[in-house]
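Novice: Dropping in upload17.txt, which is compact mmCIF, C-alpha atoms and all ligand atoms:
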```txt
# COMPACT_ATOMS: atom_id res chain seq x y z
CA MET A 1 9.24 10.40 23.69
CA VAL A 2 10.84 11.83 20.59
CA ASP A 3 8.32 10.30 18.21
CA ASP A 4 6.21 13.41 18.38
CA VAL A 5 9.04 15.87 17.88
CA THR A 6 8.02 19.01 16.03
CA LEU A 7 10.05 19.61 12.90
CA ASN A 8 9.78 23.32 12.53
CA VAL A 9 13.20 24.52 11.51
CA ASP A 10 13.30 27.70 9.47
CA THR A 11 16.77 27.43 7.98
CA ALA A 12 17.10 31.02 6.78
CA GLU A 13 16.01 32.45 10.11
CA HIS A 14 18.31 30.08 11.92
CA SER A 15 21.29 31.03 9.78
CA GLU A 16 20.72 34.71 10.45
CA HIS A 17 20.41 34.22 14.19
CA ALA A 18 23.34 31.83 14.20
CA MET A 19 25.58 34.70 13.04
CA HIS A 20 25.12 36.28 16.49
CA LEU A 21 25.86 33.14 18.47
CA ASP A 22 29.19 32.35 20.05
CA PRO A 23 31.05 29.40 18.44
CA SER A 24 29.96 26.78 20.99
CA ALA A 25 26.30 27.80 20.79
CA ARG A 26 26.51 27.80 16.99
CA ALA A 27 28.02 24.31 17.04
CA ALA A 28 25.28 23.10 19.38
CA ARG A 29 22.62 24.56 17.11
CA THR A 30 24.19 22.96 14.04
CA GLU A 31 24.23 19.60 15.81
CA ARG A 32 20.58 19.96 16.89
CA ASP A 33 19.49 20.99 13.40
CA GLY A 34 21.30 17.97 12.00
CA LEU A 35 19.46 15.72 14.44
CA LEU A 36 16.10 17.21 13.47
CA LYS A 37 16.90 16.67 9.80
CA ALA A 38 17.86 13.07 10.47
CA LEU A 39 14.56 12.58 12.32
CA ASP A 40 12.53 13.62 9.30
CA PHE A 41 11.93 10.30 7.59
CA ASP A 42 10.08 12.03 4.75
CA ASN A 43 13.39 13.68 3.91
CA ALA A 44 15.89 10.85 4.36
CA PRO A 45 16.17 7.28 5.58
CA PHE A 46 18.09 6.52 8.75
CA THR A 47 19.45 3.32 7.18
CA ILE A 48 20.08 2.24 3.59
CA ALA A 49 20.79 -1.43 2.85
CA TRP A 50 22.46 -2.06 -0.49
CA GLU A 51 22.57 -5.58 -1.86
CA LEU A 52 25.88 -5.31 -3.71
CA THR A 53 25.52 -8.79 -5.19
CA ARG A 54 23.39 -11.88 -4.88
CA ALA A 55 26.42 -14.12 -5.24
CA CYS A 56 27.12 -16.20 -2.14
CA ALA A 57 28.79 -19.54 -1.39
CA TYR A 58 26.04 -20.49 1.07
CA ALA A 59 22.48 -21.58 0.40
CA CYS A 60 20.73 -20.54 3.61
CA GLN A 61 17.24 -21.88 4.17
CA HIS A 62 15.85 -18.44 5.01
CA CYS A 63 17.70 -16.40 2.36
CA ARG A 64 15.59 -13.42 1.33
CA ALA A 65 17.81 -12.90 -1.73
CA GLU A 66 17.69 -16.53 -2.88
CA ALA A 67 21.44 -16.08 -3.30
CA GLN A 68 23.23 -17.85 -6.12
CA PRO A 69 26.84 -19.06 -6.49
CA ARG A 70 27.58 -16.66 -9.40
CA ARG A 71 27.27 -12.93 -9.83
CA ASP A 72 24.42 -11.61 -11.93
CA PRO A 73 25.79 -9.92 -15.09
CA GLN A 74 23.13 -7.24 -14.60
CA GLU A 75 24.52 -6.13 -11.21
CA LEU A 76 25.45 -2.46 -10.88
CA ASP A 77 29.08 -2.24 -12.01
CA THR A 78 31.81 -0.24 -10.30
CA GLN A 79 31.02 3.03 -12.09
CA ASP A 80 27.30 2.60 -11.34
CA ALA A 81 28.20 1.88 -7.71
CA LEU A 82 30.37 4.98 -7.26
CA ARG A 83 27.72 7.16 -8.88
CA LEU A 84 25.05 5.66 -6.61
CA ILE A 85 27.13 6.59 -3.55
CA ASP A 86 27.43 10.18 -4.77
CA GLN A 87 23.65 10.26 -5.13
CA LEU A 88 23.03 8.75 -1.68
CA ALA A 89 25.33 11.38 -0.16
CA GLY A 90 22.76 13.84 -1.54
CA PHE A 91 20.41 13.01 1.34
CA GLY A 92 22.74 15.24 3.36
CA THR A 93 22.08 13.41 6.63
CA HIS A 94 24.94 10.87 6.75
CA PRO A 95 22.69 7.78 6.77
CA ILE A 96 24.01 4.37 7.74
CA LEU A 97 24.89 2.39 4.60
CA VAL A 98 24.84 -1.38 5.11
CA LEU A 99 26.79 -3.14 2.36
CA THR A 100 25.08 -6.50 2.14
CA GLY A 101 24.31 -9.33 -0.28
CA GLY A 102 24.50 -12.24 -1.05
CA ASP A 103 28.05 -11.93 0.14
CA PRO A 104 29.54 -8.46 -0.48
CA LEU A 105 33.03 -9.98 -0.30
CA MET A 106 32.25 -11.69 -3.63
CA ARG A 107 32.87 -8.30 -5.28
CA ARG A 108 36.49 -7.34 -5.89
CA ASP A 109 35.59 -3.65 -5.83
CA LEU A 110 34.03 -3.86 -2.35
CA PHE A 111 36.75 -1.87 -0.59
CA GLU A 112 36.81 0.80 -3.32
CA ILE A 113 33.04 1.16 -2.85
CA ALA A 114 33.32 1.27 0.95
CA SER A 115 36.13 3.87 0.82
CA HIS A 116 34.17 6.07 -1.53
CA ALA A 117 31.09 5.87 0.68
CA THR A 118 33.14 6.80 3.73
CA GLU A 119 34.68 9.75 1.88
CA ARG A 120 31.19 10.95 0.96
CA GLY A 121 30.09 10.94 4.60
CA LEU A 122 28.04 7.74 4.71
CA ARG A 123 28.46 5.56 7.81
CA VAL A 124 29.37 2.16 6.45
CA ALA A 125 28.62 -1.27 7.92
CA LEU A 126 29.34 -4.62 6.30
CA THR A 127 27.56 -8.00 6.42
CA PRO A 128 29.95 -10.58 4.94
CA THR A 129 29.15 -14.28 4.75
CA ALA A 130 31.28 -16.35 7.11
CA THR A 131 33.19 -18.31 4.47
CA ALA A 132 36.97 -18.40 4.04
CA LEU A 133 36.83 -14.85 2.61
CA PRO A 134 36.72 -12.70 5.80
CA THR A 135 40.44 -13.16 6.45
CA ARG A 136 42.32 -10.91 8.80
CA SER A 137 43.85 -9.00 5.88
CA ARG A 138 40.42 -8.40 4.30
CA MET A 139 39.09 -7.23 7.65
CA ALA A 140 42.06 -4.85 7.86
CA ARG A 141 41.14 -3.51 4.42
CA ALA A 142 37.56 -3.07 5.59
CA ARG A 143 38.74 -1.04 8.56
CA GLU A 144 41.01 1.06 6.33
CA ALA A 145 38.02 1.69 4.03
CA GLY A 146 36.15 3.17 6.98
CA VAL A 147 33.82 0.26 7.74
CA ARG A 148 32.50 0.93 11.25
CA ARG A 149 30.93 -2.39 12.11
CA VAL A 150 30.82 -5.94 10.76
CA ALA A 151 27.74 -8.14 11.19
CA PHE A 152 27.78 -11.92 10.91
CA SER A 153 24.78 -14.23 10.90
CA LEU A 154 24.24 -16.84 13.58
CA ASP A 155 21.00 -18.76 13.87
CA ALA A 156 21.57 -21.25 16.65
CA TYR A 157 23.47 -22.15 19.79
CA GLU A 158 24.11 -25.67 18.53
CA PRO A 159 26.62 -25.72 15.63
CA GLU A 160 24.78 -28.48 13.78
CA VAL A 161 21.49 -26.53 13.86
CA HIS A 162 23.22 -23.40 12.54
CA ASP A 163 25.02 -25.40 9.85
CA ARG A 164 21.73 -26.93 8.74
CA PHE A 165 20.21 -23.45 8.38
CA ARG A 166 23.18 -22.25 6.37
CA GLY A 167 23.30 -25.33 4.17
CA PHE A 168 27.05 -25.58 4.76
CA PRO A 169 28.80 -27.89 7.28
CA GLY A 170 31.36 -26.03 9.37
CA SER A 171 29.73 -22.62 8.96
CA PHE A 172 29.33 -22.16 12.75
CA ALA A 173 33.11 -22.55 13.17
CA ARG A 174 33.67 -20.24 10.21
CA THR A 175 31.53 -17.61 11.90
CA ARG A 176 33.67 -17.75 15.03
CA ALA A 177 36.87 -17.56 12.97
CA SER A 178 35.55 -14.62 10.91
CA MET A 179 34.51 -12.78 14.08
CA ALA A 180 37.99 -13.31 15.52
CA ASN A 181 39.56 -11.84 12.38
CA ALA A 182 37.31 -8.78 12.51
CA ALA A 183 37.84 -8.32 16.26
CA ALA A 184 41.62 -8.58 15.83
CA GLU A 185 41.37 -5.59 13.50
CA GLY A 186 39.36 -3.65 16.06
CA LEU A 187 36.07 -3.81 14.15
CA PRO A 188 32.95 -3.77 16.36
CA LEU A 189 30.82 -6.90 15.91
CA GLN A 190 27.11 -7.48 15.46
CA ILE A 191 25.26 -10.79 15.30
CA ASN A 192 22.16 -11.15 13.10
CA THR A 193 19.78 -13.98 13.93
CA THR A 194 16.68 -14.98 11.97
CA VAL A 195 14.00 -16.42 14.24
CA CYS A 196 11.41 -18.92 13.10
CA ALA A 197 9.67 -21.99 14.52
CA GLN A 198 12.68 -24.18 13.70
CA ASN A 199 15.20 -22.32 15.92
CA VAL A 200 13.21 -20.41 18.54
CA ASP A 201 14.26 -22.95 21.20
CA GLN A 202 17.90 -21.88 20.66
CA LEU A 203 17.47 -18.24 21.63
CA GLU A 204 17.92 -18.36 25.39
CA ARG A 205 21.17 -20.30 25.13
CA MET A 206 22.34 -17.96 22.36
CA ALA A 207 21.69 -14.92 24.55
CA ALA A 208 23.94 -16.36 27.25
CA MET A 209 26.61 -17.39 24.73
CA LEU A 210 26.69 -13.95 23.10
CA THR A 211 27.54 -12.30 26.43
CA GLU A 212 30.93 -14.00 26.08
CA TRP A 213 31.45 -13.01 22.46
CA GLY A 214 32.01 -9.29 22.90
CA ILE A 215 29.38 -8.10 20.42
CA VAL A 216 27.93 -4.58 20.48
CA GLN A 217 24.50 -5.55 19.13
CA TRP A 218 22.26 -8.59 18.69
CA SER A 219 19.91 -7.92 15.80
CA VAL A 220 17.02 -10.38 15.89
CA PHE A 221 15.12 -10.72 12.60
CA PHE A 222 11.65 -12.22 12.72
CA LEU A 223 11.14 -14.37 9.64
CA VAL A 224 9.29 -12.80 6.74
CA PRO A 225 8.14 -15.58 4.40
CA THR A 226 9.76 -14.29 1.24
CA GLY A 227 12.56 -15.70 -0.94
CA ARG A 228 13.71 -19.09 0.32
CA GLY A 229 12.21 -18.16 3.70
CA ARG A 230 8.82 -19.18 2.30
CA ASP A 231 9.74 -22.78 3.11
CA LEU A 232 10.25 -22.07 6.82
CA GLU A 233 7.59 -21.65 9.47
CA MET A 234 7.02 -18.25 11.10
CA LEU A 235 6.26 -18.05 14.79
CA ASP A 236 2.56 -17.59 15.40
CA ALA A 237 1.30 -14.30 16.84
CA ALA A 238 1.52 -15.54 20.44
CA GLY A 239 5.08 -16.72 19.76
CA HIS A 240 6.10 -13.31 18.43
CA GLU A 241 4.64 -11.64 21.51
CA ARG A 242 6.40 -14.02 23.89
CA VAL A 243 9.83 -13.71 22.23
CA LEU A 244 9.60 -9.93 21.89
CA GLY A 245 8.60 -9.62 25.57
CA TRP A 246 11.53 -11.83 26.53
CA LEU A 247 13.93 -9.74 24.41
CA HIS A 248 12.67 -6.59 26.06
CA GLU A 249 13.36 -8.09 29.48
CA LEU A 250 16.80 -9.14 28.30
CA THR A 251 17.70 -5.53 27.50
CA ARG A 252 17.83 -4.92 31.25
CA THR A 253 20.79 -7.26 31.75
CA ALA A 254 22.45 -8.01 28.41
CA PRO A 255 25.88 -6.39 27.88
CA TYR A 256 24.96 -5.76 24.23
CA ASP A 257 22.22 -3.74 22.59
CA ILE A 258 19.22 -5.68 21.25
CA LYS A 259 17.34 -4.75 18.09
CA ALA A 260 14.18 -6.40 16.74
CA THR A 261 13.84 -6.35 12.95
CA ALA A 262 10.61 -6.94 10.99
CA ALA A 263 8.78 -6.71 14.32
CA PRO A 264 7.83 -3.07 14.90
CA GLN A 265 5.33 -4.14 17.59
CA TYR A 266 8.42 -4.38 19.78
CA ARG A 267 7.93 -0.64 20.27
CA ARG A 268 4.37 -1.21 21.48
CA ILE A 269 5.59 -3.87 23.91
CA ALA A 270 8.29 -1.52 25.23
CA MET A 271 5.76 1.28 25.71
CA GLN A 272 3.23 -1.00 27.39
CA SER A 273 5.88 -2.13 29.84
CA GLY A 274 5.94 1.48 31.00
CA GLY A 275 9.46 2.03 29.82
CA THR A 276 11.20 3.85 27.08
CA MET A 277 12.25 2.20 23.87
CA PRO A 278 15.46 0.39 24.75
CA GLY A 279 18.22 1.27 22.37
CA ALA A 280 16.42 4.22 20.80
CA GLY A 281 18.90 6.99 20.34
CA TYR A 282 21.62 4.71 21.70
CA HIS A 283 25.07 5.93 20.71
CA PHE A 284 27.78 3.39 20.08
CA GLY A 285 31.49 4.05 19.99
CA ASP A 286 31.47 3.08 16.31
CA GLY A 287 29.12 5.95 15.44
CA LEU A 288 26.23 3.73 14.33
CA ALA A 289 23.60 5.13 16.67
CA ARG A 290 20.14 3.63 16.97
CA PRO A 291 17.39 5.69 15.33
CA PRO A 292 15.70 8.00 17.81
CA LYS A 293 12.24 7.00 16.54
CA GLY A 294 10.63 3.99 14.94
CA VAL A 295 11.89 2.87 11.53
CA ASN A 296 9.65 0.80 9.27
CA ASP A 297 9.74 -0.36 5.65
CA GLY A 298 10.06 2.76 3.48
CA ARG A 299 9.86 4.99 6.53
CA GLY A 300 13.41 5.62 7.68
CA PHE A 301 14.62 2.60 5.69
CA MET A 302 15.34 1.95 2.04
CA PHE A 303 16.86 -0.94 0.13
CA VAL A 304 18.76 -0.95 -3.17
CA SER A 305 18.88 -4.27 -4.98
CA HIS A 306 21.89 -5.65 -6.86
CA ARG A 307 20.31 -4.40 -10.11
CA GLY A 308 19.60 -0.96 -8.68
CA GLU A 309 15.89 -1.31 -7.89
CA VAL A 310 14.85 0.86 -4.93
CA MET A 311 12.52 -0.91 -2.49
CA PRO A 312 11.09 -0.13 0.96
CA SER A 313 13.05 -3.07 2.42
CA GLY A 314 14.82 -6.21 1.30
CA PHE A 315 11.87 -8.23 2.57
CA LEU A 316 9.35 -6.19 0.59
CA PRO A 317 10.15 -6.87 -3.07
CA LEU A 318 8.20 -3.99 -4.63
CA SER A 319 10.29 -1.65 -6.76
CA ALA A 320 9.58 2.08 -6.60
CA GLY A 321 12.10 2.86 -9.37
CA SER A 322 15.61 2.14 -10.59
CA VAL A 323 18.77 4.07 -9.80
CA ARG A 324 19.69 3.51 -13.45
CA GLN A 325 16.90 5.87 -14.45
CA GLU A 326 16.25 8.08 -11.44
CA ASP A 327 17.99 9.67 -8.49
CA PRO A 328 17.44 7.38 -5.45
CA VAL A 329 16.93 10.44 -3.25
CA THR A 330 13.98 11.47 -5.42
CA ILE A 331 12.60 7.93 -5.38
CA TYR A 332 12.74 7.77 -1.58
CA ARG A 333 11.14 11.17 -1.11
CA ARG A 334 8.56 11.19 -3.90
CA ALA A 335 7.68 7.72 -5.17
CA PRO A 336 4.00 7.00 -4.43
CA LEU A 337 4.86 3.67 -2.77
CA PHE A 338 7.27 5.27 -0.30
CA ARG A 339 4.96 8.19 0.43
CA ALA A 340 2.02 5.87 1.01
CA LEU A 341 4.04 3.68 3.37
CA ARG A 342 4.91 6.73 5.45
CA ASP A 343 1.26 7.63 5.96
CA PRO A 344 -0.35 5.55 8.75
CA ALA A 345 -3.79 6.57 7.43
CA ASN A 346 -3.31 3.93 4.73
CA LEU A 347 -3.08 1.05 7.19
CA LYS A 348 -5.92 -1.46 7.21
CA GLY A 349 -7.43 -3.92 9.68
CA LYS A 350 -6.16 -3.88 13.24
CA CYS A 351 -3.07 -1.86 12.32
CA GLY A 352 -5.32 0.85 10.86
CA ASP A 353 -7.40 0.94 14.05
CA CYS A 354 -4.49 0.71 16.41
CA GLU A 355 -3.53 3.48 18.80
CA PHE A 356 0.11 2.43 18.28
CA ARG A 357 0.04 2.74 14.50
CA GLU A 358 2.25 5.83 14.42
CA VAL A 359 5.06 4.22 16.40
CA CYS A 360 4.52 0.69 15.10
CA GLY A 361 2.42 0.25 11.98
CA GLY A 362 3.16 -3.47 11.76
CA SER A 363 5.65 -5.10 9.40
CA ARG A 364 4.62 -4.02 5.93
CA ALA A 365 6.88 -6.72 4.47
CA ARG A 366 5.15 -9.49 6.41
CA ALA A 367 1.69 -8.12 5.61
CA TYR A 368 2.61 -8.20 1.91
CA ALA A 369 4.25 -11.63 2.04
CA VAL A 370 1.28 -13.22 3.80
CA THR A 371 -1.68 -11.39 2.24
CA GLY A 372 -0.42 -9.72 -0.94
CA ASP A 373 -1.63 -6.35 0.43
CA VAL A 374 1.16 -4.10 1.66
CA PHE A 375 -1.27 -2.16 3.89
CA ALA A 376 -3.00 -5.16 5.51
CA GLU A 377 -2.67 -5.81 9.24
CA ASP A 378 0.50 -7.58 10.35
CA PRO A 379 -0.54 -11.18 11.12
CA SER A 380 2.29 -11.58 13.66
CA CYS A 381 0.67 -9.26 16.22
CA PRO A 382 -1.96 -10.54 18.68
CA TYR A 383 -2.76 -7.10 20.08
CA THR A 384 -6.38 -5.96 20.06
CA PRO A 385 -6.51 -2.18 19.63
CA THR A 386 -8.50 -0.30 22.25
CA GLY A 387 -9.11 2.72 20.05
CA ASP A 388 -7.65 4.90 22.82
CA ARG A 389 -6.01 7.67 20.78
CA ARG A 390 -4.26 9.03 23.87
CA GLU A 391 -1.64 6.35 23.25
CA GLU A 392 -1.03 7.64 19.75
CA ARG A 393 2.10 9.64 19.04
CA PRO A 394 1.08 11.76 16.06
CA LEU A 395 3.61 13.27 13.74
CA THR A 396 3.21 16.94 13.05
CA ALA A 397 1.31 18.34 10.10
CA ALA A 398 4.56 19.77 8.74
CA HIS A 399 6.12 16.33 8.95
CA ARG A 400 3.24 14.74 7.03
CA GLU A 401 2.81 17.28 4.30
CA ASP A 402 6.39 17.83 3.27
CA GLY A 403 7.02 14.65 1.37
CA THR A 404 9.47 16.27 -1.01
S1 LIG A 501 -2.06 -4.05 15.70
FE1 LIG A 501 -0.54 -3.41 14.10
S2 LIG A 501 0.01 -1.28 14.66
FE2 LIG A 501 -0.97 -2.21 16.49
S3 LIG A 501 0.74 -2.99 17.70
FE3 LIG A 501 0.00 -4.67 16.41
S4 LIG A 501 1.30 -4.60 14.56
FE4 LIG A 501 1.51 -2.65 15.62
```
What would the structure in this file look like if it were written as structure tokens?
Ligand code: SF4
Specialist:
Amino acid sequence: MVDDVTLNVDTAEHSEHAMHLDPSARAARTERDGLLKALDFDNAPFTIAWELTRACAYACQHCRAEAQPRRDPQELDTQDALRLIDQLAGFGTHPILVLTGGDPLMRRDLFEIASHATERGLRVALTPTATALPTRSRMARAREAGVRRVAFSLDAYEPEVHDRFRGFPGSFARTRASMANAAAEGLPLQINTTVCAQNVDQLERMAAMLTEWGIVQWSVFFLVPTGRGRDLEMLDAAGHERVLGWLHELTRTAPYDIKATAAPQYRRIAMQSGGTMPGAGYHFGDGLARPPKGVNDGRGFMFVSHRGEVMPSGFLPLSAGSVRQEDPVTIYRRAPLFRALRDPANLKGKCGDCEFREVCGGSRARAYAVTGDVFAEDPSCPYTPTGDRREERPLTAAHREDGT
């Protein structure tokens, strides 16, 4: 396991010793030091999602952003956006930057923003809405701007079920057409699916269908009842456990990687099955590797809203500060909310007692959405902790104390 890696890099000492190394050994050391830095979630997130706009032509039933047809006049403008990218590059770890929305293609400056992020060393992914906008020429511009992967949403095997979710007849066919345009430009594809009681019966047929679609990753989001998603029904705890167990089994045969989002107990299920965490540390040809240890809200992940508010995730609408007033790097590293979320000692209820709390910790977004307490136990997990601390994967003291 790499969850308990010791972060004990003395940079000055390393630099001095590195002078005496041959070039290949020096390169290997530089690469290893970079990996250790990227593993330190007190220092930098692995992934940043930036909601460029809330404007979107669709009105999806589960939309976290409660997207609207028009752009908000208070969105970050182009100059704000370019400055934000320069600040995010200050993490120094080349995090993944997901340009999301709403529909990011609703902004005319999208490709300027993506190009600038690529130039500053961020690894850019894009989540456009499958309208008429993701044409082949726009996908070509995305590729030229350095976008490494494009993710489209698909919530059902049956087109009419998907269209109902999206609030837009024909959106299933649009998704296929958009994927074809992206694939024709050589962009790797990801499918994002939001699971709730209304579409859980579609998953097995979707898994089979996606084997034919040439995707690199299926990212399965478990509904957090926030935004318009409040009107949908979450799976119960037993349902979460069953679907996550099934997904874990599927990793053995699926030709694509599988990621569970807003369901960190997936890591517990993987460990209990006696295996490693499937996908952890997985390296794709597009350079968007999977994190080598568990990411959770505010811990390896940060979200920037369309108005520049910095939050632990898009599903956890608590602002820790605004990029209009403060450097987002400082907010991530020092804001009390982020620091508290990275300390498992703050967890309550079963999650606080749980021997898996370091690798899991429960969905903080779901705990907040359901109970109003960001540190409450995650109601989607049926596990009863045993109190056996031998299962725990503690972080090091150095890792805990250096929150700056
Ligand atoms: S009780 Fe909480 S920390 Fe333990 S596995 Fe379940 S969600 Fe994770």
Novice: Within 10 Å of Ile331 of chain A, counting only C-alpha atoms, which residues show up once you throw out same-chain ones fewer than 5 positions away? Write them as a list in words, please.
Specialist: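 Selected residues are Met302, Val310, Met311, Ser319, Ala320, Gly321, Ser322, Val323, Glu326, Pro336, Leu337, Phe338, Arg339 and Thr404 of chain A.
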Novice: To check your reading of the model: which residues sit at most 10 Å from ligand LIG 501 (chain A) when counting only C-alpha atoms and all ligand atoms? Write the answer as JSON, numbers by chain.
Specialist: {"A": [237, 241, 263, 264, 265, 266, 267, 268, 269, 344, 347, 348, 349, 350, 351, 352, 353, 354, 355, 356, 357, 358, 359, 360, 361, 362, 363, 364, 367, 376, 377, 378, 379, 380, 381, 382, 383, 384, 385, 386]}
Novice: Using all atoms listed in the file, pick whichever of A:Gly214, A:Pro23, A:Pro45, A:Gly90 has the shortest atom-to-atom distance to Tyr332 of chain A.
Specialist: A:Pro45
Novice: Find the residues near Phe172 of chain A: any atom within 7 Å, counting all atoms listed in the file, skip ones fewer than 2 places away on the same chain, and give them as number ranges by chain.
Specialist: A: 159, 162-163, 170, 174-176
Novice: Up to 9 Å from (22.8, 1.5, 5.9) in the file's coordinates: name the residues, counting all atoms listed in the file, as a PDB file with C-alpha atoms, in the frame of the given file.
Specialist:
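Generated output (result.pdb):
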```
ATOM      1  CA  PRO A  45      16.170   7.280   5.580  1.00  0.00           C
ATOM      2  CA  PHE A  46      18.090   6.520   8.750  1.00  0.00           C
ATOM      3  CA  THR A  47      19.450   3.320   7.180  1.00  0.00           C
ATOM      4  CA  ILE A  48      20.080   2.240   3.590  1.00  0.00           C
ATOM      5  CA  ALA A  49      20.790  -1.430   2.850  1.00  0.00           C
ATOM      6  CA  TRP A  50      22.460  -2.060  -0.490  1.00  0.00           C
ATOM      7  CA  PRO A  95      22.690   7.780   6.770  1.00  0.00           C
ATOM      8  CA  ILE A  96      24.010   4.370   7.740  1.00  0.00           C
ATOM      9  CA  LEU A  97      24.890   2.390   4.600  1.00  0.00           C
ATOM     10  CA  VAL A  98      24.840  -1.380   5.110  1.00  0.00           C
ATOM     11  CA  LEU A  99      26.790  -3.140   2.360  1.00  0.00           C
ATOM     12  CA  LEU A 122      28.040   7.740   4.710  1.00  0.00           C
ATOM     13  CA  ARG A 123      28.460   5.560   7.810  1.00  0.00           C
ATOM     14  CA  VAL A 124      29.370   2.160   6.450  1.00  0.00           C
ATOM     15  CA  ALA A 125      28.620  -1.270   7.920  1.00  0.00           C
ATOM     16  CA  LEU A 126      29.340  -4.620   6.300  1.00  0.00           C
ATOM     17  CA  PHE A 301      14.620   2.600   5.690  1.00  0.00           C
ATOM     18  CA  MET A 302      15.340   1.950   2.040  1.00  0.00           C
ATOM     19  CA  PHE A 303      16.860  -0.940   0.130  1.00  0.00           C
TER      20      PHE A 303
END
```
Novice: Record the distance separating atom CA of Val220 of chain A and atom CA of Gln198 of chain A, expressed in Å with one decimal.
Specialist: 14.6 Å
Novice: Have a look at A:Val295, A:Ile85, A:Val150, A:Val329 and name the one nearest to Pro188 of chain A; count only C-alpha atoms.
Specialist: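 So, comparing all the options, the nearest one is A:Val150.
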Novice: Which residues are close to Met139 of chain A, i.e. within 9 Å by all atoms listed in the file, leaving aside same-chain residues fewer than 3 positions away? Reply as a tab-separated table (two decimals) with C-alpha atoms, in the frame of the given file.
Specialist:
```
chain	number	residue	atom	x	y	z
A	134	PRO	CA	36.72	-12.70	5.80
A	135	THR	CA	40.44	-13.16	6.45
A	136	ARG	CA	42.32	-10.91	8.80
A	142	ALA	CA	37.56	-3.07	5.59
A	143	ARG	CA	38.74	-1.04	8.56
A	144	GLU	CA	41.01	1.06	6.33
A	150	VAL	CA	30.82	-5.94	10.76
A	178	SER	CA	35.55	-14.62	10.91
A	181	ASN	CA	39.56	-11.84	12.38
A	182	ALA	CA	37.31	-8.78	12.51
A	183	ALA	CA	37.84	-8.32	16.26
A	184	ALA	CA	41.62	-8.58	15.83
A	185	GLU	CA	41.37	-5.59	13.50
A	187	LEU	CA	36.07	-3.81	14.15
```
Novice: If you count all atoms listed in the file, which residues fall within 10 Å of Cys196 of chain A, apart from same-chain ones fewer than 5 positions away, as a PyMOL selection string?
Specialist: chain A and resi 62+155+201+221-225+229+232-236+239-240
Novice: With only C-alpha atoms as the basis for distance, which of A:Asp80, A:Gly298, A:Arg149, A:Val216 is at the shortest distance from Ala335 of chain A?
Specialist: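 Of A:Asp80, A:Gly298, A:Arg149, A:Val216, the one nearest Ala335 of chain A, counting only C-alpha atoms, is A:Gly298.
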Novice: Smallest atom-to-atom distance to Phe315 of chain A: which of A:Asn43, A:Thr78, A:Thr53, A:Thr226, using only C-alpha atoms?
Specialist: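 Looking only at the distances to Phe315 of chain A, the closest residue turns out to be A:Thr226.
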Novice: Adding 5 Å on each side of the box along x, y and z that holds all listed atoms of segment 317-323 of chain A, could you give its centre and edge lengths in Å to one decimal, as AutoDock Vina command-line options?
Specialist:
```
--center_x 13.5 --center_y -1.4 --center_z -6.8 --size_x 20.6 --size_y 20.9 --size_z 17.5
```
Novice: Could you tell me how far atom CA of Ala130 of chain A lies from atom CA of Ser171 of chain A, in Å and to one decimal?
Specialist: 6.7 Å
Novice: As an exercise, work out the distance from atom CA of Leu210 of chain A to atom CA of Gln68 of chain A in Å and give it to one decimal place.
Specialist: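 Atom CA of Leu210 of chain A sits 29.7 Å away from atom CA of Gln68 of chain A.
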Novice: So, counting all atoms listed in the file, which residue among A:Gly146, A:Gly92, A:Pro169, A:Gly245 is closest to Ala114 of chain A?
Specialist: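 Looking at the shortest contact to Ala114 of chain A, the residue is A:Gly146.
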Novice: Closest to Asp86 of chain A among A:Ala27, A:Val243, A:Ile113, A:Asp297, using all atoms listed in the file?
Specialist: A:Ile113
Novice: For Arg205 of chain A, find every residue with an atom within 12 Å (counting only C-alpha atoms), except residues of its own chain fewer than 4 positions away, and show them as a short mmCIF file (atom, residue, chain, number, x, y, z; two decimals) with C-alpha atoms, keeping the file's coordinate frame.
Specialist:
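This is the output file selection_15.cif:
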```
data_model
loop_
_atom_site.label_atom_id
_atom_site.label_comp_id
_atom_site.auth_asym_id
_atom_site.auth_seq_id
_atom_site.Cartn_x
_atom_site.Cartn_y
_atom_site.Cartn_z
CA ASP A 155 21.00 -18.76 13.87
CA ALA A 156 21.57 -21.25 16.65
CA TYR A 157 23.47 -22.15 19.79
CA GLU A 158 24.11 -25.67 18.53
CA ASN A 199 15.20 -22.32 15.92
CA VAL A 200 13.21 -20.41 18.54
CA ASP A 201 14.26 -22.95 21.20
CA MET A 209 26.61 -17.39 24.73
CA LEU A 210 26.69 -13.95 23.10
CA THR A 211 27.54 -12.30 26.43
CA GLU A 212 30.93 -14.00 26.08
#
```
